[in-house]
Amino acid sequence: MQSIDSYNFKGKRAIVRFDFNVPLNEKFEVTDDTRIRAAVPTIKKIFAGGGSIIAMTHLGRPKGVTEKYSLKHIIPTLEKLIGQKVIFAPDCVGEEAVELSKKMKPGDFVLLENLRFYAEEEGKPRVDESATQEEKDAAKKELKIKQKDFVNKLAGLADCYVNDAFGTAHRAHASTALIAANFPDDKMFGYIMNGELKAIDKVMDLPERPFTAILGGSKVSTKITIIKRLLDKVDNLILGGGMSFTFIKALGGKIGLSICEDVELAKDILKEAEAKNVKIYLPSDVVTTTQFEEVFKGNGNVETKIADIRNIPDDAQGLDAGPASTEAWKKVLLQSKTILWNGPVGVFEVDTFAGGTLNIAKAVVDATSGGAYSLIGGGDSVAAINKFNLADKVSYVSTGGGALLEYMEGIDLPGVKAIKD
């Protein structure tokens, strides 16, 4: 397998799969440039080696060509971060893209238009829901043929392929997996991919102990596979956020109107943790409100109360971990040598209910400064650590959401497998 550090880019056009799927405001301005900034080291390495870059990425989930999802909107931010002009190809395939690639000189940066303007990228036929199964099957067969041509056209623009889009590595798309076969001796990971895989492997395979994982978010069901895998890895498991109420109810607590799922599933997890000698830490107190519908509209100007999580009033809902909970968790984290954090412990988007997640973030930062290795992963956890401006004070912040979880679950990611094969 080739390495970006040793590969000779001199005079070569590298087609690089980035993950520039960034949020835009109503003026089409980038509101969070984290993913673009993370790609800069890979870009600089290729340029330093005498190569040029053809950048491909997706933006949003368009169902065809849509002005809203045009990549031209990210050009000002991209130019600012890489410090040079970006040449824009208004189509990711076609004559103009071919001509631009032919004219490229070392140090040139060409940005292809949104890959997902083409159904061939994801390999999902865009057929009407009323279509018959026969029509759907025919569309799928036709798209598979078109997809091969799409892949060949993308690959024909370049001399080598670099995958630096960890956030989409769990998708077997044209640009993340299929294109790699066109470059059997000239394919490699970029620095983001290398960094992500190294960080996750360090945590999951070679953790210093004690190893503590913090899992938050709203539902147990979405985290069940990773919880079960972590029970074979960790010493301590902190469970916060909406999922904690299912466990509290499983233990006989009264959770009011708080979110709750499969209680029997929670009981099974608690039994398995006990059998494997993994200590489970649940919240002891919680910030509640009876005006939770207002909170979910983004209004934090509501009356709140701190309640014992096992005795929440019938008309109230818990929306954040309380101070006693986070203080207890902090003690566990400060004694840990490896920390994995996936998922907030409250509705952190609303400042009134961001205290628990902020306290967790500060505790992880303190543990990191004391020598622990900390990995923050998952879209909401990353959004939280960025909101609190603490991303540079932890060991590693993952750019992947679903890809991170699947890799930690032990699933072969198509984007990774395509480079390693």
# chains A, B, ... in the order shown; residues from 1 in each chain; ligands from 1
>>> residues_around(residues="Tyr373 in chain A", least_positions_apart="3", cutoff="6 Å", atoms="only C-alpha atoms", output="PDB file with C-alpha atoms, in the first residue's frame")
ATOM      1  CA  THR A 338      -7.722   6.578  27.916  1.00  0.00           C
ATOM      2  CA  THR A 368      -5.946  15.143  28.931  1.00  0.00           C
ATOM      3  CA  SER A 395      -5.913  14.528  22.023  1.00  0.00           C
TER       4      SER A 395
END
>>> residues_around(residues="range 320-334 of chain A", least_positions_apart="2", cutoff="9 Å", atoms="only C-alpha atoms", output="PyMOL selection string")
chain A and resi 211-212+236+238+240-242+281-288+306-309+318+336-339+345-348+352-357+359-360+362-364+366-368+370+372
>>> closest_residue(among="A:Leu340, A:Val220, A:Leu413, A:Met188", to="Lys233 in chain A", atoms="only C-alpha atoms")
A:Leu340
>>> select_by_dssp(residues="range 94-286 of chain A", states="alpha helix (DSSP H)", output="PyMOL selection string")
chain A and resi 95-102+119-122+133-155+191-205+224-230+243-250+263-275
>>> closest_residue(among="A:Asn182, A:Asn114, A:Asn386, A:Ser258", to="Cys160 in chain A", atoms="only C-alpha atoms")
A:Asn182
>>> atom_distance(atom1="CA of Gln84 in chain A", atom2="CA of Phe183 in chain A")
27.9 Å
>>> decode(residues="range 232-312 of chain A", atoms="C-alpha atoms", output="PDB file, in the first residue's frame")
ATOM      1  CA  ASP A 232     -15.126  -6.023  26.022  1.00  0.00           C
ATOM      2  CA  LYS A 233     -12.747  -3.052  25.982  1.00  0.00           C
ATOM      3  CA  VAL A 234     -13.407  -0.539  28.770  1.00  0.00           C
ATOM      4  CA  ASP A 235     -13.039  -0.451  32.529  1.00  0.00           C
ATOM      5  CA  ASN A 236     -15.673   2.261  33.027  1.00  0.00           C
ATOM      6  CA  LEU A 237     -18.728   3.215  30.958  1.00  0.00           C
ATOM      7  CA  ILE A 238     -20.452   6.529  31.612  1.00  0.00           C
ATOM      8  CA  LEU A 239     -23.962   6.601  30.148  1.00  0.00           C
ATOM      9  CA  GLY A 240     -25.596  10.012  29.841  1.00  0.00           C
ATOM     10  CA  GLY A 241     -28.048  11.901  27.679  1.00  0.00           C
ATOM     11  CA  GLY A 242     -31.480  10.620  26.727  1.00  0.00           C
ATOM     12  CA  MET A 243     -30.355   6.988  26.709  1.00  0.00           C
ATOM     13  CA  SER A 244     -29.684   7.093  30.468  1.00  0.00           C
ATOM     14  CA  PHE A 245     -33.393   7.273  31.310  1.00  0.00           C
ATOM     15  CA  THR A 246     -34.003   3.828  29.827  1.00  0.00           C
ATOM     16  CA  PHE A 247     -31.389   2.421  32.210  1.00  0.00           C
ATOM     17  CA  ILE A 248     -32.807   4.329  35.182  1.00  0.00           C
ATOM     18  CA  LYS A 249     -36.271   2.940  34.441  1.00  0.00           C
ATOM     19  CA  ALA A 250     -34.756  -0.539  34.124  1.00  0.00           C
ATOM     20  CA  LEU A 251     -33.472  -0.064  37.675  1.00  0.00           C
ATOM     21  CA  GLY A 252     -36.939   0.881  38.923  1.00  0.00           C
ATOM     22  CA  GLY A 253     -36.650   4.665  38.801  1.00  0.00           C
ATOM     23  CA  LYS A 254     -39.418   7.138  37.959  1.00  0.00           C
ATOM     24  CA  ILE A 255     -38.388   9.180  34.898  1.00  0.00           C
ATOM     25  CA  GLY A 256     -41.476  11.324  34.321  1.00  0.00           C
ATOM     26  CA  LEU A 257     -41.909  12.173  30.639  1.00  0.00           C
ATOM     27  CA  SER A 258     -38.238  11.630  29.808  1.00  0.00           C
ATOM     28  CA  ILE A 259     -37.329   9.659  26.677  1.00  0.00           C
ATOM     29  CA  CYS A 260     -37.374   5.888  27.158  1.00  0.00           C
ATOM     30  CA  GLU A 261     -36.838   2.869  24.906  1.00  0.00           C
ATOM     31  CA  ASP A 262     -36.423  -0.871  25.469  1.00  0.00           C
ATOM     32  CA  VAL A 263     -36.093  -1.436  29.217  1.00  0.00           C
ATOM     33  CA  GLU A 264     -35.323  -5.156  28.805  1.00  0.00           C
ATOM     34  CA  LEU A 265     -32.428  -4.269  26.495  1.00  0.00           C
ATOM     35  CA  ALA A 266     -31.040  -1.958  29.176  1.00  0.00           C
ATOM     36  CA  LYS A 267     -31.354  -4.713  31.787  1.00  0.00           C
ATOM     37  CA  ASP A 268     -29.401  -7.094  29.553  1.00  0.00           C
ATOM     38  CA  ILE A 269     -26.620  -4.532  29.097  1.00  0.00           C
ATOM     39  CA  LEU A 270     -26.386  -3.936  32.851  1.00  0.00           C
ATOM     40  CA  LYS A 271     -26.135  -7.699  33.475  1.00  0.00           C
ATOM     41  CA  GLU A 272     -23.472  -8.096  30.795  1.00  0.00           C
ATOM     42  CA  ALA A 273     -21.455  -5.203  32.229  1.00  0.00           C
ATOM     43  CA  GLU A 274     -21.555  -6.778  35.678  1.00  0.00           C
ATOM     44  CA  ALA A 275     -20.449 -10.133  34.288  1.00  0.00           C
ATOM     45  CA  LYS A 276     -17.514  -8.468  32.514  1.00  0.00           C
ATOM     46  CA  ASN A 277     -16.568  -6.374  35.542  1.00  0.00           C
ATOM     47  CA  VAL A 278     -17.247  -3.083  33.743  1.00  0.00           C
ATOM     48  CA  LYS A 279     -18.394  -0.276  36.038  1.00  0.00           C
ATOM     49  CA  ILE A 280     -21.461   1.561  34.721  1.00  0.00           C
ATOM     50  CA  TYR A 281     -21.913   5.182  35.789  1.00  0.00           C
ATOM     51  CA  LEU A 282     -25.384   6.658  35.324  1.00  0.00           C
ATOM     52  CA  PRO A 283     -26.548  10.198  36.230  1.00  0.00           C
ATOM     53  CA  SER A 284     -27.701  10.729  39.811  1.00  0.00           C
ATOM     54  CA  ASP A 285     -29.396  14.068  39.215  1.00  0.00           C
ATOM     55  CA  VAL A 286     -30.851  15.775  36.158  1.00  0.00           C
ATOM     56  CA  VAL A 287     -31.967  19.224  35.022  1.00  0.00           C
ATOM     57  CA  THR A 288     -35.713  19.040  34.298  1.00  0.00           C
ATOM     58  CA  THR A 289     -38.441  21.244  32.893  1.00  0.00           C
ATOM     59  CA  THR A 290     -42.156  20.935  32.267  1.00  0.00           C
ATOM     60  CA  GLN A 291     -41.801  23.256  29.263  1.00  0.00           C
ATOM     61  CA  PHE A 292     -39.783  20.816  27.172  1.00  0.00           C
ATOM     62  CA  GLU A 293     -41.719  21.543  23.981  1.00  0.00           C
ATOM     63  CA  GLU A 294     -40.389  25.114  24.100  1.00  0.00           C
ATOM     64  CA  VAL A 295     -36.856  23.796  24.539  1.00  0.00           C
ATOM     65  CA  PHE A 296     -37.119  21.654  21.413  1.00  0.00           C
ATOM     66  CA  LYS A 297     -38.123  24.805  19.535  1.00  0.00           C
ATOM     67  CA  GLY A 298     -34.796  26.299  20.655  1.00  0.00           C
ATOM     68  CA  ASN A 299     -36.189  28.412  23.490  1.00  0.00           C
ATOM     69  CA  GLY A 300     -34.074  28.109  26.637  1.00  0.00           C
ATOM     70  CA  ASN A 301     -36.037  30.695  28.605  1.00  0.00           C
ATOM     71  CA  VAL A 302     -37.923  28.097  30.637  1.00  0.00           C
ATOM     72  CA  GLU A 303     -38.207  27.211  34.308  1.00  0.00           C
ATOM     73  CA  THR A 304     -35.845  24.425  35.355  1.00  0.00           C
ATOM     74  CA  LYS A 305     -35.377  22.282  38.450  1.00  0.00           C
ATOM     75  CA  ILE A 306     -32.728  19.832  39.588  1.00  0.00           C
ATOM     76  CA  ALA A 307     -34.296  16.455  40.333  1.00  0.00           C
ATOM     77  CA  ASP A 308     -33.149  13.069  41.560  1.00  0.00           C
ATOM     78  CA  ILE A 309     -33.044  11.103  38.304  1.00  0.00           C
ATOM     79  CA  ARG A 310     -34.828   8.202  39.990  1.00  0.00           C
ATOM     80  CA  ASN A 311     -37.721  10.433  41.043  1.00  0.00           C
ATOM     81  CA  ILE A 312     -38.552  12.883  38.251  1.00  0.00           C
TER      82      ILE A 312
END
